[in-house]
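Please read the structure below before turning to the comments.
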Amino acid sequence: MQIKRVILSTDNNNFYYQFWSIVARQWSSWGIIPTLCVVSDDKIEEIDESIGDVYYIKPDKNHPIAQQSQISRFFLAASFPEDVCILSDIDMIPLSQKYFVDGIKNFS
């Protein structure tokens, strides 16, 4: 088995989306496509769309935006039924290729 895509999410809080460039580059260096779901009414110019796939969804004003950001990862992963996806928090920097990549390569 090989992870093809990592699904991350954020809202328009720069405390979180500032991690995108660091985290996306690390996942990419292992051959995994970083995929970001942004829950925001507006495009965020600081998010570099050249280092991974970026999707925007409009927030629902009736629910907490942090919860929407978390749940959006599940829905976005469902958009890639042929890919092995992993979901992760955007502020969790992946450090071990051995853990994420090598740890599952022998599973079918």
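In the structure tokens, the first chain shown is A, the next is B, and so on; residue numbers restart at 1 for each chain, and ligands run from 1 in the order shown.
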
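Residues of chain A assigned to strand (DSSP E) by DSSP on this structure's backbone: Arg5, Val6, Ile7, Leu8, Ser9, Thr10, Ile33, Pro34, Thr35, Leu36, Cys37, Val38, Val39, Asp53, Val54, Tyr55, Tyr56, Ile57, Cys85, Ile86 and Leu87 of chain A.
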
Using only C-alpha atoms, determine which residues lie at most 12 Å from Ser108 (chain A), disregarding the query and same-chain residues fewer than 6 positions distant; provide the list as a ChimeraX atom specification.
/A:1-3,84

Polymer residues at most 8 Å from Arg5 (chain A), only C-alpha atoms, same-chain spacing of 2 or more positions, as a PyMOL selection string:
chain A and resi 3+7+32-35+83-86

Please produce an output containing C-alpha atoms for each residue in the selection, written as a PDB file, in the first residue's frame.
```pdb
ATOM      1  CA  ILE A   3      -0.314   6.738   0.567  1.00  0.00           C
ATOM      2  CA  ILE A   7      -5.846  15.731   3.359  1.00  0.00           C
ATOM      3  CA  ILE A  32       2.488  12.277  -1.288  1.00  0.00           C
ATOM      4  CA  ILE A  33       0.145  14.908  -2.736  1.00  0.00           C
ATOM      5  CA  PRO A  34      -0.717  17.547  -0.120  1.00  0.00           C
ATOM      6  CA  THR A  35      -4.376  18.496  -0.418  1.00  0.00           C
ATOM      7  CA  ASP A  83      -6.412   7.169  -3.769  1.00  0.00           C
ATOM      8  CA  VAL A  84      -5.105   5.964  -0.434  1.00  0.00           C
ATOM      9  CA  CYS A  85      -5.560   9.063   1.715  1.00  0.00           C
ATOM     10  CA  ILE A  86      -4.399  10.031   5.161  1.00  0.00           C
TER      11      ILE A  86
END
```

Please identify which residues in region 5-70 of chain A DSSP calls helix (DSSP H, G or I) from the backbone, and express them as a tab-separated table (two decimals) with C-alpha atoms, in the first residue's frame.
```tsv
chain	number	residue	atom	x	y	z
A	14	ASN	CA	-3.37	32.53	9.94
A	15	PHE	CA	-2.25	30.69	13.08
A	16	TYR	CA	-3.15	27.53	11.17
A	17	TYR	CA	-2.75	28.25	7.47
A	20	TRP	CA	0.69	24.93	4.86
A	21	SER	CA	3.97	25.69	3.11
A	22	ILE	CA	6.07	23.73	5.61
A	23	VAL	CA	3.78	20.72	5.87
A	24	ALA	CA	2.95	20.56	2.15
A	25	ARG	CA	6.61	20.57	1.14
A	26	GLN	CA	7.42	17.80	3.61
A	27	TRP	CA	4.60	15.52	2.38
A	28	SER	CA	5.55	16.28	-1.23
A	29	SER	CA	9.16	15.29	-0.59
A	49	GLU	CA	-1.49	26.80	-4.44
A	50	SER	CA	1.58	25.68	-6.40
A	51	ILE	CA	2.76	23.24	-3.71
A	65	ILE	CA	-16.03	27.04	11.64
A	66	ALA	CA	-13.39	24.94	13.44
A	67	GLN	CA	-15.69	21.92	13.32
A	68	GLN	CA	-16.43	22.54	9.67
A	69	SER	CA	-12.73	22.62	8.95
A	70	GLN	CA	-12.17	19.30	10.74
```

Interatomic distance (Å, one decimal) between CA of Asp48 (chain A) and CA of Pro81 (chain A)
25.3 Å

Could you tell me how far CA of Pro59 (chain A) lies from CA of Ile47 (chain A), in Å and to one decimal?
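Separation of CA of Pro59 (chain A) and CA of Ile47 (chain A): 17.6 Å.
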
Polymer residues at most 7 Å from Leu87 (chain A), only C-alpha atoms, same-chain spacing of 3 or more positions, as a PyMOL selection string:
chain A and resi 6-8+73

For Phe75 (chain A), which residue among A:Asp60, A:Ile90, A:Tyr55, A:Phe19 is the nearest when counting only C-alpha atoms?
A:Tyr55
